[in-house]
>>> print(open('upload_10.tsv').read())   # TSV, C-alpha atoms
chain	number	residue	atom	x	y	z
A	1	MET	CA	-28.74	3.43	-16.78
A	2	VAL	CA	-25.85	5.17	-14.98
A	3	ARG	CA	-26.66	8.17	-12.83
A	4	ILE	CA	-24.80	10.41	-10.43
A	5	ALA	CA	-25.35	9.47	-6.79
A	6	ARG	CA	-26.96	11.81	-4.27
A	7	ASN	CA	-27.01	11.89	-0.46
A	8	LYS	CA	-29.99	9.52	-0.36
A	9	ASP	CA	-27.82	6.89	-2.10
A	10	SER	CA	-25.18	6.69	0.65
A	11	ARG	CA	-26.49	3.42	2.12
A	12	VAL	CA	-26.82	1.72	-1.27
A	13	LEU	CA	-23.26	2.75	-2.12
A	14	ALA	CA	-21.93	1.51	1.23
A	15	GLU	CA	-23.66	-1.86	0.87
A	16	MET	CA	-21.92	-2.41	-2.45
A	17	ALA	CA	-18.60	-0.86	-1.39
A	18	VAL	CA	-18.19	-3.12	1.64
A	19	GLN	CA	-17.92	-6.04	-0.76
A	20	MET	CA	-14.78	-4.43	-2.19
A	21	TRP	CA	-13.40	-2.63	0.87
A	22	ASP	CA	-14.15	-5.39	3.38
A	23	SER	CA	-11.94	-4.01	6.15
A	24	HIS	CA	-14.73	-1.48	6.80
A	25	THR	CA	-18.33	-1.81	7.91
A	26	VAL	CA	-21.36	-0.61	5.98
A	27	ASP	CA	-21.94	2.05	8.65
A	28	GLU	CA	-18.35	3.33	8.43
A	29	LEU	CA	-18.50	3.56	4.66
A	30	GLU	CA	-21.90	5.22	4.71
A	31	ALA	CA	-20.63	7.91	7.09
A	32	GLU	CA	-17.61	8.50	4.85
A	33	PHE	CA	-19.74	8.59	1.72
A	34	VAL	CA	-22.17	11.15	3.18
A	35	GLU	CA	-19.20	13.50	3.52
A	36	THR	CA	-17.81	12.65	0.11
A	37	LEU	CA	-21.16	13.09	-1.63
A	38	ASN	CA	-21.21	16.71	-0.44
A	39	ASP	CA	-17.68	17.39	-1.68
A	40	LYS	CA	-17.54	19.12	-5.07
A	41	GLN	CA	-14.14	17.48	-5.63
A	42	SER	CA	-15.70	13.98	-5.81
A	43	ALA	CA	-18.51	12.11	-7.49
A	44	PHE	CA	-20.15	8.71	-7.29
A	45	PHE	CA	-22.00	7.05	-10.14
A	46	ILE	CA	-24.41	4.12	-9.80
A	47	LYS	CA	-25.31	1.60	-12.50
A	48	TYR	CA	-28.92	0.42	-12.42
A	49	ILE	CA	-30.59	-2.50	-14.17
A	50	ASN	CA	-34.39	-2.34	-13.88
A	51	ASP	CA	-34.13	-0.02	-10.83
A	52	LEU	CA	-31.69	-2.42	-9.12
A	53	PRO	CA	-28.26	-0.97	-8.27
A	54	VAL	CA	-25.63	-3.36	-9.64
A	55	GLY	CA	-22.44	-1.32	-9.47
A	56	PHE	CA	-20.83	1.98	-8.65
A	57	ALA	CA	-17.74	4.06	-9.30
A	58	GLN	CA	-16.16	6.74	-7.14
A	59	CYS	CA	-13.97	9.39	-8.70
A	60	GLY	CA	-12.35	12.53	-7.49
A	61	LEU	CA	-9.86	15.25	-8.22
A	62	ARG	CA	-6.27	14.95	-7.10
A	63	THR	CA	-4.14	18.05	-7.01
A	64	ASP	CA	-1.04	16.47	-5.50
A	65	TYR	CA	1.36	14.65	-7.82
A	66	VAL	CA	-0.19	11.63	-9.51
A	67	GLU	CA	2.25	9.03	-10.89
A	68	GLY	CA	2.81	9.43	-14.61
A	69	THR	CA	0.74	12.59	-15.07
A	70	GLU	CA	1.77	16.04	-16.20
A	71	SER	CA	-1.19	18.21	-15.22
A	72	SER	CA	-3.23	19.20	-12.20
A	73	PRO	CA	-5.87	18.55	-11.17
A	74	VAL	CA	-6.16	14.96	-12.37
A	75	GLY	CA	-9.40	13.00	-12.40
A	76	TYR	CA	-8.89	9.85	-10.33
A	77	LEU	CA	-10.80	6.59	-10.17
A	78	GLU	CA	-10.96	5.92	-6.43
A	79	GLY	CA	-12.95	2.71	-6.71
A	80	ILE	CA	-15.17	0.76	-9.05
A	81	PHE	CA	-17.35	-2.25	-8.31
A	82	VAL	CA	-19.92	-4.36	-10.13
A	83	LYS	CA	-21.80	-7.16	-8.37
A	84	GLU	CA	-20.37	-10.50	-9.42
A	85	GLU	CA	-23.47	-11.77	-11.21
A	86	TYR	CA	-23.52	-8.62	-13.40
A	87	ARG	CA	-19.88	-8.61	-14.44
A	88	LYS	CA	-18.64	-9.07	-18.02
A	89	ASN	CA	-21.49	-6.95	-19.41
A	90	GLY	CA	-19.66	-3.67	-19.94
A	91	TYR	CA	-21.14	-2.03	-16.83
A	92	ALA	CA	-17.75	-1.13	-15.34
A	93	LYS	CA	-16.84	0.51	-18.64
A	94	GLU	CA	-20.05	2.58	-18.47
A	95	LEU	CA	-19.25	3.65	-14.92
A	96	LEU	CA	-15.68	4.55	-15.83
A	97	SER	CA	-16.93	6.56	-18.80
A	98	ALA	CA	-19.24	8.56	-16.52
A	99	CYS	CA	-16.26	9.34	-14.26
A	100	GLU	CA	-14.11	10.40	-17.20
A	101	ILE	CA	-16.84	12.68	-18.55
A	102	TRP	CA	-17.27	14.24	-15.09
A	103	ALA	CA	-13.51	14.90	-14.83
A	104	LYS	CA	-13.30	16.34	-18.33
A	105	GLU	CA	-16.28	18.63	-17.72
A	106	ILE	CA	-14.54	20.17	-14.70
A	107	GLY	CA	-11.34	20.82	-16.60
A	108	CYS	CA	-9.17	17.72	-16.26
A	109	SER	CA	-7.04	16.68	-19.20
A	110	GLU	CA	-5.80	13.46	-17.56
A	111	PHE	CA	-7.43	10.63	-15.66
A	112	ALA	CA	-5.61	8.13	-13.46
A	113	SER	CA	-6.17	5.17	-11.15
A	114	ASP	CA	-4.32	2.50	-9.22
A	115	CYS	CA	-4.71	-1.06	-8.02
A	116	GLU	CA	-2.96	-3.40	-5.65
A	117	ILE	CA	0.10	-4.96	-7.25
A	118	ASP	CA	-1.37	-8.50	-7.01
A	119	ASN	CA	-4.90	-7.63	-8.20
A	120	MET	CA	-4.69	-9.04	-11.70
A	121	ASP	CA	-8.41	-8.62	-12.42
A	122	SER	CA	-8.14	-4.90	-11.74
A	123	PHE	CA	-4.90	-4.67	-13.73
A	124	LYS	CA	-6.52	-6.36	-16.73
A	125	PHE	CA	-9.58	-4.10	-16.45
A	126	HIS	CA	-7.44	-0.95	-16.42
A	127	MET	CA	-5.41	-2.09	-19.41
A	128	ALA	CA	-8.57	-3.02	-21.33
A	129	MET	CA	-10.00	0.45	-20.59
A	130	GLY	CA	-7.04	2.20	-22.20
A	131	PHE	CA	-4.97	3.07	-19.16
A	132	ASP	CA	-1.18	2.94	-19.47
A	133	GLU	CA	0.82	1.55	-16.59
A	134	ALA	CA	2.74	4.45	-15.02
A	135	ASN	CA	4.74	2.77	-12.27
A	136	ARG	CA	4.91	-0.12	-9.83
A	137	ILE	CA	5.79	0.36	-6.20
A	138	ILE	CA	5.81	-1.55	-2.98
A	139	CYS	CA	5.19	0.61	0.06
A	140	PHE	CA	6.79	-0.04	3.44
A	141	LYS	CA	6.03	1.00	7.01
A	142	LYS	CA	7.27	0.44	10.51
A	143	ARG	CA	6.27	1.56	13.97
A	144	LEU	CA	8.49	3.96	15.84
>>> encode(input="upload_10.tsv", output="structure tokens")
Amino acid sequence: MVRIARNKDSRVLAEMAVQMWDSHTVDELEAEFVETLNDKQSAFFIKYINDLPVGFAQCGLRTDYVEGTESSPVGYLEGIFVKEEYRKNGYAKELLSACEIWAKEIGCSEFASDCEIDNMDSFKFHMAMGFDEANRIICFKKRL
């Protein structure tokens, strides 16, 4: 079962998310997620197997320009994660579908995402889910 996350789910989400966004702590992510869960421009979905959370997806609305899109706002997949032992069962597809339905219900006609240029697993997932590659970039920075 996939269900929309609520405030009480912030810790569960953070414990899974830290496995993907490992430059953060569980506490940092939980604090961020509490804010995000109260934002009408975002949604989290959790996949459960026998009452055990095994994955999540975070989506939101982007009103700034999104590469390759022609409308605004655009539904955007901010992150998706399934615990390793539960992968290859279609759970990420279910989570993505919940995000797409959410975006469509609030008026989006396009849905987008991104991944790191060297993350081939994510690239393959996106392509398998019907995304079209819009662009490739390498970002630069320097201290002044």
>>> atom_distance(input="upload_10.tsv", atom1="atom CA of Ile4 of chain A", atom2="atom CA of Lys47 of chain A")
9.1 Å
>>> closest_residue(input="upload_10.tsv", among="A:Val34, A:Ile137, A:Met1, A:Ala57", to="Ala17 of chain A", atoms="all atoms listed in the file")
A:Ala57
>>> closest_atom_pairs(input="upload_10.tsv", of="segment 59-87 of chain A", to="segment 118-132 of chain A", cutoff="12 Å", atoms="all atoms listed in the file", output="CSV")
residue,atom,partner,partner_atom,distance
A:Glu67,CA,A:Asp132,CA,11.1
A:Gly68,CA,A:Asp132,CA,9.0
A:Thr69,CA,A:Asp132,CA,10.8
A:Tyr76,CA,A:Phe131,CA,11.8
A:Leu77,CA,A:His126,CA,10.4
A:Gly79,CA,A:Ser122,CA,10.3
A:Ile80,CA,A:Ser122,CA,9.4
A:Phe81,CA,A:Ser122,CA,10.2
A:Val82,CA,A:Ser122,CA,11.9
A:Arg87,CA,A:Phe125,CA,11.4
>>> write_last_selection(input="upload_10.tsv", atoms="C-alpha atoms", output="short mmCIF file (atom, residue, chain, number, x, y, z; two decimals), keeping the file's coordinate frame")
data_model
loop_
_atom_site.label_atom_id
_atom_site.label_comp_id
_atom_site.auth_asym_id
_atom_site.auth_seq_id
_atom_site.Cartn_x
_atom_site.Cartn_y
_atom_site.Cartn_z
CA GLU A 67 2.25 9.03 -10.89
CA GLY A 68 2.81 9.43 -14.61
CA THR A 69 0.74 12.59 -15.07
CA TYR A 76 -8.89 9.85 -10.33
CA LEU A 77 -10.80 6.59 -10.17
CA GLY A 79 -12.95 2.71 -6.71
CA ILE A 80 -15.17 0.76 -9.05
CA PHE A 81 -17.35 -2.25 -8.31
CA VAL A 82 -19.92 -4.36 -10.13
CA ARG A 87 -19.88 -8.61 -14.44
#
>>> closest_residue(input="upload_10.tsv", among="A:Asn38, A:Ser23, A:Asn50, A:Ser72", to="Lys8 of chain A", atoms="all atoms listed in the file")
A:Asn38
>>> closest_residue(input="upload_10.tsv", among="A:Leu29, A:Ala5, A:Ile49, A:Leu61", to="Gly107 of chain A", atoms="all atoms listed in the file")
A:Leu61
>>> residues_around(input="upload_10.tsv", residues="Phe44 of chain A", least_positions_apart="5", cutoff="9 Å", atoms="all atoms listed in the file", output="count of residues only")
13
>>> closest_residue(input="upload_10.tsv", among="A:Asn7, A:Arg62, A:Tyr86, A:Met16", to="Glu35 of chain A", atoms="only C-alpha atoms")
A:Asn7
>>> atom_distance(input="upload_10.tsv", atom1="atom CA of Glu133 of chain A", atom2="atom CA of Val74 of chain A")
15.7 Å
>>> atom_distance(input="upload_10.tsv", atom1="atom CA of Leu95 of chain A", atom2="atom CA of Pro53 of chain A")
12.1 Å
>>> closest_residue(input="upload_10.tsv", among="A:Asp51, A:Glu78, A:Asp39, A:Asp64", to="Trp21 of chain A", atoms="only C-alpha atoms")
A:Glu78
>>> closest_residue(input="upload_10.tsv", among="A:Glu70, A:Arg136, A:Phe45, A:Glu32", to="Lys93 of chain A", atoms="only C-alpha atoms")
A:Phe45
>>> build_atoms(input="upload_10.tsv", residues="segment 85-113 of chain A", atoms="N, CA and C atoms", output="PDB file, keeping the file's coordinate frame")
ATOM      1  N   GLU A  85     -22.556 -11.185 -10.225  1.00  0.00           N
ATOM      2  CA  GLU A  85     -23.470 -11.770 -11.210  1.00  0.00           C
ATOM      3  C   GLU A  85     -23.764 -10.832 -12.389  1.00  0.00           C
ATOM      4  N   TYR A  86     -23.296  -9.581 -12.320  1.00  0.00           N
ATOM      5  CA  TYR A  86     -23.520  -8.620 -13.400  1.00  0.00           C
ATOM      6  C   TYR A  86     -22.232  -8.257 -14.147  1.00  0.00           C
ATOM      7  N   ARG A  87     -21.156  -8.913 -13.805  1.00  0.00           N
ATOM      8  CA  ARG A  87     -19.880  -8.610 -14.440  1.00  0.00           C
ATOM      9  C   ARG A  87     -19.824  -9.151 -15.871  1.00  0.00           C
ATOM     10  N   LYS A  88     -18.882  -8.658 -16.622  1.00  0.00           N
ATOM     11  CA  LYS A  88     -18.640  -9.070 -18.020  1.00  0.00           C
ATOM     12  C   LYS A  88     -19.762  -8.616 -18.954  1.00  0.00           C
ATOM     13  N   ASN A  89     -20.429  -7.506 -18.587  1.00  0.00           N
ATOM     14  CA  ASN A  89     -21.490  -6.950 -19.410  1.00  0.00           C
ATOM     15  C   ASN A  89     -21.205  -5.519 -19.854  1.00  0.00           C
ATOM     16  N   GLY A  90     -20.016  -5.030 -19.562  1.00  0.00           N
ATOM     17  CA  GLY A  90     -19.660  -3.670 -19.940  1.00  0.00           C
ATOM     18  C   GLY A  90     -20.111  -2.606 -18.956  1.00  0.00           C
ATOM     19  N   TYR A  91     -20.637  -3.010 -17.797  1.00  0.00           N
ATOM     20  CA  TYR A  91     -21.140  -2.030 -16.830  1.00  0.00           C
ATOM     21  C   TYR A  91     -20.013  -1.225 -16.187  1.00  0.00           C
ATOM     22  N   ALA A  92     -18.887  -1.856 -15.901  1.00  0.00           N
ATOM     23  CA  ALA A  92     -17.750  -1.130 -15.340  1.00  0.00           C
ATOM     24  C   ALA A  92     -17.246  -0.091 -16.341  1.00  0.00           C
ATOM     25  N   LYS A  93     -17.257  -0.437 -17.600  1.00  0.00           N
ATOM     26  CA  LYS A  93     -16.840   0.510 -18.640  1.00  0.00           C
ATOM     27  C   LYS A  93     -17.776   1.718 -18.668  1.00  0.00           C
ATOM     28  N   GLU A  94     -19.079   1.479 -18.518  1.00  0.00           N
ATOM     29  CA  GLU A  94     -20.050   2.580 -18.470  1.00  0.00           C
ATOM     30  C   GLU A  94     -19.790   3.488 -17.274  1.00  0.00           C
ATOM     31  N   LEU A  95     -19.532   2.874 -16.128  1.00  0.00           N
ATOM     32  CA  LEU A  95     -19.250   3.650 -14.920  1.00  0.00           C
ATOM     33  C   LEU A  95     -17.969   4.463 -15.070  1.00  0.00           C
ATOM     34  N   LEU A  96     -16.934   3.845 -15.607  1.00  0.00           N
ATOM     35  CA  LEU A  96     -15.680   4.550 -15.830  1.00  0.00           C
ATOM     36  C   LEU A  96     -15.895   5.716 -16.788  1.00  0.00           C
ATOM     37  N   SER A  97     -16.649   5.503 -17.832  1.00  0.00           N
ATOM     38  CA  SER A  97     -16.930   6.560 -18.800  1.00  0.00           C
ATOM     39  C   SER A  97     -17.613   7.751 -18.133  1.00  0.00           C
ATOM     40  N   ALA A  98     -18.568   7.477 -17.237  1.00  0.00           N
ATOM     41  CA  ALA A  98     -19.240   8.560 -16.520  1.00  0.00           C
ATOM     42  C   ALA A  98     -18.237   9.360 -15.689  1.00  0.00           C
ATOM     43  N   CYS A  99     -17.301   8.667 -15.051  1.00  0.00           N
ATOM     44  CA  CYS A  99     -16.260   9.340 -14.260  1.00  0.00           C
ATOM     45  C   CYS A  99     -15.369  10.195 -15.155  1.00  0.00           C
ATOM     46  N   GLU A 100     -14.979   9.665 -16.287  1.00  0.00           N
ATOM     47  CA  GLU A 100     -14.110  10.400 -17.200  1.00  0.00           C
ATOM     48  C   GLU A 100     -14.802  11.653 -17.742  1.00  0.00           C
ATOM     49  N   ILE A 101     -16.073  11.530 -18.066  1.00  0.00           N
ATOM     50  CA  ILE A 101     -16.840  12.680 -18.550  1.00  0.00           C
ATOM     51  C   ILE A 101     -16.919  13.742 -17.459  1.00  0.00           C
ATOM     52  N   TRP A 102     -17.210  13.318 -16.227  1.00  0.00           N
ATOM     53  CA  TRP A 102     -17.270  14.240 -15.090  1.00  0.00           C
ATOM     54  C   TRP A 102     -15.947  14.996 -14.952  1.00  0.00           C
ATOM     55  N   ALA A 103     -14.830  14.278 -14.991  1.00  0.00           N
ATOM     56  CA  ALA A 103     -13.510  14.900 -14.830  1.00  0.00           C
ATOM     57  C   ALA A 103     -13.222  15.871 -15.972  1.00  0.00           C
ATOM     58  N   LYS A 104     -13.543  15.478 -17.173  1.00  0.00           N
ATOM     59  CA  LYS A 104     -13.300  16.340 -18.330  1.00  0.00           C
ATOM     60  C   LYS A 104     -14.139  17.614 -18.247  1.00  0.00           C
ATOM     61  N   GLU A 105     -15.386  17.477 -17.816  1.00  0.00           N
ATOM     62  CA  GLU A 105     -16.280  18.630 -17.720  1.00  0.00           C
ATOM     63  C   GLU A 105     -15.813  19.646 -16.676  1.00  0.00           C
ATOM     64  N   ILE A 106     -15.032  19.206 -15.696  1.00  0.00           N
ATOM     65  CA  ILE A 106     -14.540  20.170 -14.700  1.00  0.00           C
ATOM     66  C   ILE A 106     -13.087  20.552 -14.961  1.00  0.00           C
ATOM     67  N   GLY A 107     -12.610  20.273 -16.163  1.00  0.00           N
ATOM     68  CA  GLY A 107     -11.340  20.820 -16.600  1.00  0.00           C
ATOM     69  C   GLY A 107     -10.138  19.903 -16.571  1.00  0.00           C
ATOM     70  N   CYS A 108     -10.314  18.640 -16.284  1.00  0.00           N
ATOM     71  CA  CYS A 108      -9.170  17.720 -16.260  1.00  0.00           C
ATOM     72  C   CYS A 108      -8.804  17.296 -17.680  1.00  0.00           C
ATOM     73  N   SER A 109      -7.505  17.187 -17.914  1.00  0.00           N
ATOM     74  CA  SER A 109      -7.040  16.680 -19.200  1.00  0.00           C
ATOM     75  C   SER A 109      -6.422  15.289 -19.066  1.00  0.00           C
ATOM     76  N   GLU A 110      -6.322  14.804 -17.817  1.00  0.00           N
ATOM     77  CA  GLU A 110      -5.800  13.460 -17.560  1.00  0.00           C
ATOM     78  C   GLU A 110      -6.670  12.774 -16.516  1.00  0.00           C
ATOM     79  N   PHE A 111      -6.664  11.454 -16.590  1.00  0.00           N
ATOM     80  CA  PHE A 111      -7.430  10.630 -15.660  1.00  0.00           C
ATOM     81  C   PHE A 111      -6.530   9.476 -15.243  1.00  0.00           C
ATOM     82  N   ALA A 112      -6.520   9.151 -13.959  1.00  0.00           N
ATOM     83  CA  ALA A 112      -5.610   8.130 -13.460  1.00  0.00           C
ATOM     84  C   ALA A 112      -6.325   7.197 -12.485  1.00  0.00           C
ATOM     85  N   SER A 113      -5.618   6.162 -12.070  1.00  0.00           N
ATOM     86  CA  SER A 113      -6.170   5.170 -11.150  1.00  0.00           C
ATOM     87  C   SER A 113      -5.009   4.365 -10.577  1.00  0.00           C
TER      88      SER A 113
END
